[in-house]
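Okay, run21.cif now, which holds mmCIF, C-alpha atoms:
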data_input
loop_
_atom_site.label_atom_id
_atom_site.label_comp_id
_atom_site.auth_asym_id
_atom_site.auth_seq_id
_atom_site.Cartn_x
_atom_site.Cartn_y
_atom_site.Cartn_z
CA MET J 29 179.42 99.08 114.62
CA SER J 30 181.49 95.99 115.30
CA ASP J 31 182.84 93.82 112.49
CA ASP J 32 180.59 90.97 113.60
CA THR J 33 177.44 93.08 113.44
CA PHE J 34 178.41 94.41 110.03
CA SER J 35 179.07 90.88 108.75
CA GLN J 36 175.71 89.71 110.03
CA LEU J 37 173.97 92.57 108.28
CA VAL J 38 175.80 91.84 105.04
CA ASP J 39 174.94 88.13 105.24
CA LEU J 40 171.29 88.93 105.83
CA TYR J 41 170.75 91.37 103.01
CA TYR J 42 173.48 91.31 100.39
CA PRO J 43 171.86 88.63 98.15
CA SER J 44 168.54 90.44 97.91
CA LEU J 45 170.22 93.84 97.60
CA TYR J 46 172.35 92.52 94.75
CA ARG J 47 169.29 91.14 92.94
CA PHE J 48 167.44 94.40 93.46
CA ALA J 49 170.46 96.25 92.07
CA LEU J 50 170.67 93.82 89.14
CA SER J 51 167.06 94.46 88.23
CA LEU J 52 167.70 98.20 88.25
CA ALA J 53 171.16 98.45 86.72
CA ARG J 54 170.77 95.55 84.25
CA SER J 55 174.46 94.73 84.51
CA GLU J 56 176.18 92.39 86.94
CA ALA J 57 179.15 94.74 87.42
CA ASP J 58 176.95 97.76 88.09
CA ALA J 59 174.78 95.72 90.45
CA CYS J 60 177.86 94.65 92.43
CA ASP J 61 179.00 98.27 92.59
CA LEU J 62 175.59 99.39 93.82
CA ALA J 63 175.43 96.70 96.51
CA GLN J 64 178.95 97.55 97.68
CA GLN J 65 178.26 101.25 97.62
CA THR J 66 175.12 100.74 99.72
CA PHE J 67 177.00 98.86 102.43
CA TYR J 68 179.80 101.40 102.23
CA VAL J 69 177.28 104.15 102.97
CA TRP J 70 175.94 102.01 105.79
CA ALA J 71 179.41 101.60 107.28
CA LYS J 72 179.80 105.38 107.20
CA LYS J 73 176.35 106.50 108.28
CA GLY J 74 174.15 103.54 109.05
CA HIS J 75 175.39 103.09 112.60
CA ALA J 76 173.52 106.30 113.42
CA LEU J 77 170.21 104.53 112.67
CA ARG J 78 168.44 104.26 116.01
CA GLU J 79 166.15 101.37 115.17
CA ALA J 80 167.94 98.24 114.05
CA ALA J 81 164.64 96.91 112.69
CA LYS J 82 164.71 99.64 110.06
CA ALA J 83 168.09 98.55 108.68
CA LYS J 84 166.52 96.54 105.86
CA SER J 85 164.30 99.36 104.69
CA TRP J 86 167.23 101.79 105.03
CA LEU J 87 169.45 99.60 102.85
CA PHE J 88 166.92 99.23 100.04
CA THR J 89 166.06 102.92 100.09
CA THR J 90 169.75 103.83 100.03
CA LEU J 91 170.47 101.46 97.15
CA TYR J 92 167.61 102.92 95.15
CA ARG J 93 168.82 106.48 95.84
CA GLU J 94 172.36 105.54 94.90
CA PHE J 95 171.03 104.07 91.67
CA LEU J 96 169.08 107.22 90.84
CA ARG J 97 172.07 109.39 91.74
CA GLY J 98 174.49 107.42 89.63
CA ARG J 99 172.31 107.20 86.55
CA ARG J 100 173.60 109.07 83.58
CA ARG J 101 172.43 112.65 83.37
CA GLY J 102 169.70 113.19 80.84
CA GLU J 103 168.38 109.69 81.09
CA ARG J 104 164.80 109.86 82.24
CA MET J 105 162.45 107.33 83.60
CA THR J 106 159.66 106.41 81.25
CA ALA J 107 156.66 108.53 82.02
CA LEU J 108 153.52 106.61 82.74
CA ASP J 109 151.64 108.09 79.84
CA THR J 110 154.29 106.98 77.32
CA VAL J 111 153.72 103.31 78.05
CA PRO J 112 151.55 101.86 75.28
CA GLU J 113 148.21 100.74 76.60
CA SER J 114 148.61 97.50 74.69
CA GLU J 115 151.41 96.61 77.08
CA LEU J 116 149.21 97.20 80.03
CA GLU J 117 146.67 94.59 79.11
CA ASP J 118 146.83 91.38 81.03
CA VAL J 119 148.73 88.61 79.35
CA ILE J 120 147.63 85.18 80.38
CA LEU J 121 150.72 83.32 81.49
CA ALA J 122 150.55 79.89 83.03
CA PRO J 123 152.53 79.50 86.26
CA GLU J 124 154.04 76.33 84.78
CA THR J 125 155.49 78.38 81.95
CA VAL J 126 157.33 80.59 84.42
CA ALA J 127 158.39 77.58 86.47
CA SER J 128 159.99 76.03 83.42
CA MET J 129 162.13 79.12 82.76
CA ASP J 130 165.63 79.78 83.97
CA GLY J 131 166.01 82.36 86.75
CA GLY J 132 168.31 84.41 84.55
CA VAL J 133 165.68 84.56 81.82
CA VAL J 134 163.07 85.83 84.25
CA MET J 135 165.55 88.42 85.54
CA ALA J 136 166.31 89.50 81.96
CA ALA J 137 162.59 89.93 81.33
CA LEU J 138 162.29 91.98 84.50
CA GLN J 139 165.17 94.18 83.38
CA GLU J 140 163.21 95.05 80.24
CA VAL J 141 160.30 96.38 82.26
CA ASP J 142 160.27 100.16 82.47
CA GLU J 143 162.34 101.36 85.37
CA ILE J 144 159.46 103.17 87.00
CA PHE J 145 157.67 99.83 87.40
CA ARG J 146 160.77 97.71 87.91
CA ALA J 147 161.79 98.97 91.34
CA PRO J 148 158.44 98.29 93.07
CA LEU J 149 158.04 95.03 91.19
CA THR J 150 161.44 93.78 92.35
CA LEU J 151 160.78 94.68 95.97
CA PHE J 152 157.41 92.93 95.71
CA TYR J 153 158.87 89.71 94.32
CA LEU J 154 162.29 89.56 95.88
CA GLU J 155 161.64 90.98 99.32
CA ASP J 156 157.96 90.17 99.83
CA LEU J 157 157.45 93.79 100.83
CA SER J 158 153.87 94.99 101.18
CA TYR J 159 152.78 97.80 98.91
CA GLN J 160 152.93 100.17 101.90
CA GLU J 161 156.51 99.12 102.67
CA ILE J 162 157.46 99.61 99.03
CA ALA J 163 155.91 103.08 99.13
CA GLU J 164 158.06 103.90 102.15
CA ALA J 165 161.24 102.49 100.63
CA LEU J 166 160.81 104.32 97.31
CA ASP J 167 159.22 107.41 98.82
CA VAL J 168 156.13 107.36 96.61
CA PRO J 169 152.43 107.31 97.57
CA ALA J 170 150.95 103.89 98.35
CA GLY J 171 148.31 104.29 95.64
CA THR J 172 151.03 104.93 93.09
CA VAL J 173 152.77 101.72 94.14
CA MET J 174 149.55 99.75 93.54
CA SER J 175 149.25 101.24 90.10
CA ARG J 176 152.91 100.57 89.28
CA LEU J 177 152.67 96.99 90.50
CA SER J 178 149.64 96.40 88.29
CA ARG J 179 151.26 97.91 85.20
CA GLY J 180 154.64 96.42 85.95
CA LYS J 181 153.20 92.93 86.23
CA ALA J 182 151.47 93.36 82.89
CA GLN J 183 154.74 94.42 81.25
CA LEU J 184 156.70 91.60 82.86
CA ARG J 185 154.22 88.98 81.74
CA ALA J 186 154.24 90.33 78.23
CA ARG J 187 158.06 90.02 78.20
CA LEU J 188 157.97 86.55 79.72
CA ALA J 189 155.34 85.42 77.22
CA SER J 190 157.43 86.62 74.29
CA ARG J 191 160.54 84.88 75.69
CA SER J 192 158.57 81.74 76.25
CA ALA J 193 157.36 81.82 72.66
CA ALA J 194 160.94 82.27 71.45
CA SER J 195 162.45 79.54 73.61
CA PRO J 196 163.83 76.41 71.85
CA SER J 197 161.11 74.18 73.24
CA ASN J 198 158.52 76.26 71.44
CA VAL J 199 160.36 76.40 68.15
CA VAL J 200 159.33 73.77 65.63
CA SER J 201 162.45 71.83 64.72
CA PHE J 202 163.18 71.03 61.14
CA GLN J 203 165.01 67.91 60.08
CA ASN J 204 168.20 68.59 58.08
CA SER J 205 168.62 67.42 54.49
CA LYS J 206 170.81 64.48 55.41
CA THR J 207 168.29 63.18 57.82
CA LYS J 208 165.60 63.77 55.27
CA ALA J 209 167.57 61.85 52.68
CA SER J 210 168.24 58.97 54.97
CA ASN J 211 164.62 58.85 55.86
CA GLY J 212 163.48 59.15 52.39
CA MET S 229 133.43 97.17 93.46
CA ASP S 230 133.55 95.52 90.05
CA ASN S 231 135.99 92.79 89.00
CA GLN S 232 138.37 95.23 87.32
CA GLU S 233 138.75 97.21 90.52
CA ALA S 234 139.13 94.01 92.52
CA LYS S 235 141.86 92.81 90.15
CA PHE S 236 143.71 96.10 90.44
CA ILE S 237 143.80 95.77 94.23
CA LEU S 238 144.55 92.05 94.29
CA LYS S 239 147.60 92.49 92.07
CA ALA S 240 149.27 94.09 95.10
CA TYR S 241 148.37 91.12 97.31
CA ARG S 242 151.52 89.21 98.19
CA PRO S 243 151.61 85.49 97.46
CA GLY S 244 151.72 83.55 100.70
CA GLY S 245 148.93 85.43 102.46
CA ALA S 246 151.04 88.00 104.28
CA ASP S 247 148.40 90.62 103.46
CA ALA S 248 145.47 88.57 104.76
CA GLY S 249 145.02 90.88 107.75
CA ASN S 250 145.24 94.08 105.70
CA ALA S 251 141.82 95.76 105.55
CA VAL S 252 142.61 97.28 102.14
CA PHE S 253 142.26 93.85 100.54
CA CYS S 254 139.14 92.68 102.41
CA GLY S 255 136.60 93.92 99.86
CA ALA S 256 138.49 92.54 96.89
CA LEU S 257 139.05 89.19 98.61
CA ALA S 258 135.35 88.96 99.44
CA GLN S 259 134.53 89.72 95.81
CA ALA S 260 136.90 86.94 94.70
CA ALA S 261 135.20 84.55 97.10
CA ARG S 262 131.80 85.36 95.57
CA ASP S 263 132.76 85.43 91.90
CA PRO S 264 134.14 82.13 90.49
CA ALA S 265 135.76 83.81 87.47
CA LEU S 266 137.55 86.32 89.65
CA HIS S 267 138.46 83.52 92.06
CA ASP S 268 140.10 81.51 89.25
CA TRP S 269 141.95 84.59 88.01
CA PHE S 270 143.21 85.34 91.53
CA GLU S 271 144.47 81.78 92.00
CA ARG S 272 146.38 81.94 88.70
CA GLU S 273 147.72 85.38 89.61
CA GLN S 274 149.01 84.16 92.95
CA ALA S 275 150.59 81.04 91.45
CA CYS S 276 152.24 83.09 88.74
CA ASP S 277 153.57 85.61 91.29
CA LYS S 278 154.92 82.77 93.40
CA ALA S 279 156.71 81.27 90.39
CA VAL S 280 158.22 84.62 89.34
CA ALA S 281 159.40 85.32 92.91
CA ALA S 282 161.01 81.88 93.16
CA LYS S 283 162.80 82.33 89.84
CA LEU S 284 164.12 85.79 90.74
CA LYS S 285 165.35 84.53 94.09
CA SER S 286 167.27 81.79 92.32
CA VAL S 287 169.45 84.25 90.39
CA PRO S 288 173.01 83.43 91.49
CA ILE S 289 175.11 85.93 93.40
CA PRO S 290 178.57 86.65 91.99
CA ALA S 291 181.32 84.91 93.88
CA GLY S 292 183.43 87.35 95.82
CA LEU S 293 180.72 89.98 96.25
CA ARG S 294 180.37 89.28 99.94
CA ALA S 295 184.11 89.54 100.52
CA SER S 296 184.26 92.81 98.56
CA ILE S 297 181.44 94.30 100.61
CA LEU S 298 183.06 93.27 103.89
CA ALA S 299 186.42 94.67 102.79
CA GLY S 300 184.75 97.94 101.73
CA GLY S 301 183.01 98.19 105.09
CA LYS S 302 186.28 97.71 106.95
CA MET S 303 187.97 100.36 104.84
CA SER S 304 185.18 102.78 105.61
CA ALA S 305 185.48 102.05 109.31
CA ALA S 306 189.26 102.45 109.17
CA ARG S 307 188.92 105.81 107.46
CA ARG S 308 186.99 107.17 110.37
CA SER S 309 189.22 108.88 112.90
CA TRP S 310 189.35 107.44 116.40
CA TRP S 311 187.14 110.23 117.64
CA GLN S 312 184.49 109.35 115.05
CA GLN S 313 184.11 105.82 116.43
CA PRO S 314 180.67 105.30 117.98
CA THR S 315 182.16 104.49 121.40
CA TRP S 316 184.16 107.70 121.51
CA LEU S 317 181.27 109.71 120.11
CA ALA S 318 178.98 108.30 122.81
CA LEU S 319 181.61 109.04 125.46
CA ALA S 320 182.04 112.59 124.18
CA ALA S 321 178.28 113.11 124.14
CA SER S 322 177.98 111.86 127.73
CA LEU S 323 180.83 114.11 128.83
CA ALA S 324 179.23 117.10 127.11
CA ILE S 325 175.93 116.43 128.87
CA LEU S 326 177.71 116.12 132.24
CA LEU S 327 179.67 119.32 131.68
CA SER S 328 176.67 121.33 130.56
CA THR S 329 174.64 120.04 133.52
CA ALA S 330 177.45 120.96 135.90
CA LEU S 331 177.80 124.37 134.24
CA ALA S 332 174.07 125.04 134.47
CA TRP S 333 174.20 123.95 138.11
CA GLN S 334 177.17 126.20 138.76
CA LEU S 335 175.56 129.18 137.02
CA ARG S 336 172.68 128.98 139.41
CA GLY S 337 175.12 129.64 142.24
CA PRO S 338 176.53 127.75 145.16
CA ARG S 339 174.26 126.03 147.61
CA THR S 340 173.92 127.85 150.95
CA ASP S 341 172.73 126.27 154.11
CA TRP S 342 170.12 128.84 155.08
CA HIS S 343 169.34 127.09 158.33
CA GLN S 344 173.00 127.29 159.36
CA LEU S 345 173.19 130.96 158.39
CA THR S 346 170.05 131.75 160.39
CA ALA S 347 171.31 129.75 163.38
CA GLN S 348 174.55 131.74 163.46
CA ILE S 349 172.64 135.02 163.21
CA LEU S 350 170.26 134.00 166.00
CA ASP S 351 173.24 133.05 168.14
CA ASP S 352 174.85 136.41 167.45
CA ALA S 353 171.62 138.25 168.21
CA ALA S 354 171.09 136.32 171.44
CA HIS S 355 174.59 136.73 172.81
CA GLY S 356 175.58 140.02 171.38
CA GLU S 357 174.97 143.33 172.95
CA ARG S 358 172.82 145.96 171.44
CA HIS S 359 175.01 147.38 168.74
CA GLY S 360 175.17 151.03 168.09
CA SER S 361 174.52 152.36 164.63
CA HIS S 362 177.83 153.68 163.46
CA GLY S 363 177.94 156.15 160.65
CA LEU S 364 175.38 158.21 158.82
CA ALA S 365 174.18 155.47 156.49
CA ALA S 366 173.43 153.14 159.41
CA LYS S 367 171.71 155.92 161.35
CA ASN S 368 169.50 156.79 158.40
CA LEU S 369 168.60 153.16 157.91
CA VAL S 370 167.78 152.68 161.60
CA ALA S 371 165.67 155.82 161.56
CA LEU S 372 163.72 154.51 158.62
CA ILE S 373 163.05 151.01 159.92
CA SER S 374 162.18 152.33 163.37
CA GLU S 375 159.27 154.26 161.91
CA PRO S 376 156.01 152.49 162.88
CA THR S 377 154.72 152.80 159.33
CA THR S 378 157.76 151.29 157.57
CA LYS S 379 157.18 147.88 156.12
CA LEU S 380 160.49 146.06 156.10
CA GLY S 381 159.18 143.68 153.45
CA SER S 382 159.18 146.57 150.97
CA PRO S 383 162.48 147.30 149.24
CA LEU S 384 164.73 149.20 151.64
CA PRO S 385 167.26 151.86 150.59
CA VAL S 386 170.28 149.89 151.71
CA ASP S 387 173.76 150.74 150.42
CA LEU S 388 176.04 148.01 151.74
CA SER S 389 179.30 149.59 150.64
CA ARG S 390 178.29 152.88 152.26
CA LEU S 391 177.30 151.07 155.44
CA LYS S 392 180.65 149.33 155.54
CA THR S 393 182.59 152.51 154.85
CA ASP S 394 180.69 154.28 157.62
CA GLY S 395 181.73 151.62 160.09
CA CYS S 396 178.55 149.61 160.41
CA ARG S 397 179.06 146.33 162.22
CA THR S 398 180.16 143.72 159.76
CA LEU S 399 180.16 139.96 160.33
CA SER S 400 181.16 136.97 158.29
CA VAL S 401 178.35 134.44 158.50
CA ALA S 402 178.49 131.15 156.63
CA GLY S 403 180.94 132.70 154.18
CA HIS S 404 178.83 135.81 153.56
CA GLU S 405 179.63 139.36 154.57
CA VAL S 406 176.72 140.64 156.63
CA MET S 407 175.94 144.12 158.05
CA GLU S 408 173.95 144.43 161.20
CA VAL S 409 171.91 147.30 162.66
CA CYS S 410 169.70 147.27 165.74
CA PHE S 411 166.44 149.13 166.22
CA GLU S 412 163.34 149.25 168.37
CA ARG S 413 159.73 148.95 167.32
CA ASP S 414 156.58 148.48 169.38
CA GLY S 415 158.57 148.16 172.57
CA GLY S 416 160.75 145.41 171.29
CA GLU S 417 164.36 145.15 170.25
CA PHE S 418 165.19 143.89 166.78
CA HIS S 419 168.39 143.10 164.90
CA LEU S 420 168.47 143.47 161.16
CA TYR S 421 171.18 141.61 159.29
CA VAL S 422 171.64 142.53 155.61
CA MET S 423 173.80 141.00 152.92
CA ALA S 424 173.96 141.13 149.14
CA ARG S 425 171.44 138.82 147.57
CA PRO S 426 173.42 135.71 146.68
CA ALA S 427 173.18 134.06 143.24
CA SER S 428 172.03 130.92 144.90
CA ARG S 429 169.73 128.35 143.33
CA ASP S 430 167.79 127.67 146.53
CA LEU S 431 166.92 131.09 147.89
CA PRO S 432 163.75 131.01 149.96
CA SER S 433 160.89 132.25 147.83
CA GLY S 434 159.00 133.86 150.73
CA PRO S 435 159.60 134.87 154.37
CA ARG S 436 161.20 132.02 156.26
CA PHE S 437 160.67 131.94 160.01
CA GLU S 438 162.84 130.06 162.46
CA ALA S 439 163.22 129.87 166.23
CA GLN S 440 166.16 128.90 168.40
CA ASN S 441 166.71 129.12 172.16
CA GLY S 442 163.93 131.63 172.66
CA MET S 443 165.02 133.78 169.74
CA HIS S 444 163.00 134.16 166.57
CA SER S 445 164.04 135.12 163.08
CA VAL S 446 162.61 135.80 159.68
CA MET S 447 164.56 135.72 156.43
CA TRP S 448 163.41 137.38 153.20
CA THR S 449 164.89 138.91 150.08
CA ASP S 450 164.32 141.73 147.66
CA ALA S 451 165.96 142.25 144.29
CA GLN S 452 169.31 143.30 145.78
CA HIS S 453 169.56 142.02 149.30
CA LEU S 454 168.92 139.22 151.69
CA TYR S 455 167.64 140.16 155.15
CA VAL S 456 167.44 138.31 158.42
CA MET S 457 165.61 139.98 161.25
CA ALA S 458 166.08 138.50 164.70
CA SER S 459 164.38 139.24 168.01
CA ALA S 460 163.32 137.78 171.30
CA LYS S 461 159.83 138.74 170.15
CA ASP S 462 157.81 135.98 168.62
CA GLU S 463 156.99 135.21 165.03
CA SER S 464 153.84 137.34 164.94
CA ALA S 465 155.84 140.39 166.04
CA LEU S 466 158.32 139.77 163.27
CA ARG S 467 155.54 139.22 160.74
CA ALA S 468 153.91 142.51 161.75
CA LEU S 469 157.00 144.44 160.72
CA LEU S 470 157.16 143.01 157.20
#

Could I get this file's structure written as structure tokens?
Amino acid sequence: MSDDTFSQLVDLYYPSLYRFALSLARSEADACDLAQQTFYVWAKKGHALREAAKAKSWLFTTLYREFLRGRRRGERMTALDTVPESELEDVILAPETVASMDGGVVMAALQEVDEIFRAPLTLFYLEDLSYQEIAEALDVPAGTVMSRLSRGKAQLRARLASRSAASPSNVVSFQNSKTKASNG
Amino acid sequence: MDNQEAKFILKAYRPGGADAGNAVFCGALAQAARDPALHDWFEREQACDKAVAAKLKSVPIPAGLRASILAGGKMSAARRSWWQQPTWLALAASLAILLSTALAWQLRGPRTDWHQLTAQILDDAAHGERHGSHGLAAKNLVALISEPTTKLGSPLPVDLSRLKTDGCRTLSVAGHEVMEVCFERDGGEFHLYVMARPASRDLPSGPRFEAQNGMHSVMWTDAQHLYVMASAKDESALRALL
């Protein structure tokens, strides 16, 4: 692969790969490592990919596999049946509430979502992948992706709602004693 | 489908309508179109998804990440030996294919111009005299093929080295060493030329008849030998002896 082709590929996908990595690894440094590692693997093996159109899917799948490979031994993904049902209930969240939040806050909320839901959710939001494409990228059945999207969204909204409630705009401000005195 | 099922499906529907043509969502979308409560929920869901997606896409990328990735890619490429470069690998693969094709071609044997070989034999048969059968092996062979009941198309007990040792007439035709014996059948004179069956890729699969200057020939093979029988007799006479 020529340098130009590699640069073009990097320019096309490195932002979304980094954000996908950030949602998984929860740390900027680890996310950078994962994104770099993914392109490093591409530089070594990716040129063998026959269909250029599959490069995107290949990159996301590789990043996810690298993440799973590099995760500390013994750490397990949360099993579906350990997620409290209360978290799976729909939380009503106004779109305006989300729109008023900082991108970093939304990412932080996403990082709190159980990993098993986080990967499909990130691909859904960041890459606009269909549930079938997500199934292919993560190598899970399409029906499972639907289920994980549904549960993941519920968890994310619960996290966003709690952050929204805790944000300064929602906290009732108290006047300090000096102000009180001057007013009084 | 109730509203709960419809909601479950519609949560996988991408904001922006990219899934509009996906049949999986048709039933749930139709349900949302019929049910105002579900319709309102779906609109809120889509708006919320759109807002979340926009926020996530706004997360800044660390400065220097692109440069690090590009540098890492170059290092990886540099680590590959020259022979691992795609161009060289492709060249090597092409060369391997060419070599194996040539080898397979070669294994099937050299090409022989059967027409040329037959022409030379017909010329020899037309201009040569009747050749005597020298040696015991040749005499035995002539005795056998002169028998009215012998079918020359059946495998014949020919021992080329014995024929040669016994002094049977030997010719070099088109690069092949050929033995020749003459015999008579049904009032006609015939010349039988025998050579070792060549490992050629284009051996005639069945009897091959040719004619030249009033002479006729038929070529055939068995497991060990290649035969050309020539005569002034016509094709039917040759065919009758096979």

Starting from the PyMOL selection byres ((chain S and resi 449) around 12), expand the selection into actual residues of this file and give them as a ChimeraX atom specification. /S:380-384,421-428,431-436,446-448,450-457,470

Per residue of chain S within 7 Å of chain J, which atom pair is closest and at what distance in Å (one decimal), using all atoms listed in the file, listed by chain and increasing number, as a Markdown table?
| residue | atom | partner | partner_atom | distance |
| --- | --- | --- | --- | --- |
| S:Phe236 | CA | J:Ser178 | CA | 6.3 |
| S:Lys239 | CA | J:Ser178 | CA | 5.8 |
| S:Ala240 | CA | J:Met174 | CA | 5.9 |
| S:Arg242 | CA | J:Asp156 | CA | 6.7 |
| S:Ala275 | CA | J:Pro123 | CA | 5.8 |
| S:Cys276 | CA | J:Pro123 | CA | 4.4 |
| S:Ala279 | CA | J:Ala127 | CA | 5.6 |
| S:Val280 | CA | J:Val126 | CA | 6.4 |
| S:Ala281 | CA | J:Tyr153 | CA | 4.6 |
| S:Lys283 | CA | J:Gly131 | CA | 4.5 |
| S:Leu284 | CA | J:Gly131 | CA | 5.6 |
| S:Lys285 | CA | J:Leu154 | CA | 6.2 |
| S:Ser286 | CA | J:Gly131 | CA | 5.7 |
| S:Val287 | CA | J:Gly131 | CA | 5.4 |
| S:Ile289 | CA | J:Pro43 | CA | 6.4 |
| S:Leu293 | CA | J:Cys60 | CA | 6.7 |
| S:Ile297 | CA | J:Gln64 | CA | 5.0 |
| S:Leu298 | CA | J:Ser35 | CA | 6.7 |
| S:Gly300 | CA | J:Tyr68 | CA | 6.1 |
| S:Gly301 | CA | J:Tyr68 | CA | 5.4 |
| S:Ser304 | CA | J:Ala71 | CA | 6.1 |
| S:Ala305 | CA | J:Ala71 | CA | 6.4 |

I'd like the interatomic distance between atom CA of S:Ala465 and atom CA of S:Asn368, to a tenth of an Å. 22.7 Å

Between atom CA of S:Leu469 and atom CA of S:Glu405, what is the distance, to one decimal in Å?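 Here the two named atoms are 24.0 Å from each other.
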
Axis-aligned box for all listed atoms of stretch 264-272 of chain S, 4 Å per side, centre and edges in Å to one decimal, as JSON:
{"center_x": 140.3, "center_y": 83.9, "center_z": 89.8, "size_x": 20.2, "size_y": 12.8, "size_z": 12.6}

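Atom CA of J:Tyr41 is positioned 16.2 Å from atom CA of J:Glu161.
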
Selection result for the PyMOL selection byres ((chain S and resi 439-442) around 12) on this file, as a PyMOL selection string: chain S and resi 343-344+346-355+436-438+443-447+457-463+466

Hey, which of S:Val386, S:Ala330, S:Ile373, S:Leu345 ends up closest to S:Leu399? Count only C-alpha atoms.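 Residue with the minimum atom-to-atom distance to S:Leu399: S:Leu345.
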
Please determine, counting all atoms listed in the file, which residue among S:Leu257, S:Ala321, S:Ala371, S:Val406 has the shortest atom-to-atom distance to S:Gly245.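 Using all atoms listed in the file, the shortest distance to S:Gly245 belongs to S:Leu257.
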
Tell me which residues the PyMOL selection byres ((chain S and resi 370) around 8) grabs here, as a list in words.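 Applied to this file, the PyMOL selection byres ((chain S and resi 370) around 8) selects Ser361, Ala366, Lys367, Asn368, Leu369, Ala371, Leu372, Ile373, Ser374, Val409, Cys410 and Phe411 of chain S.
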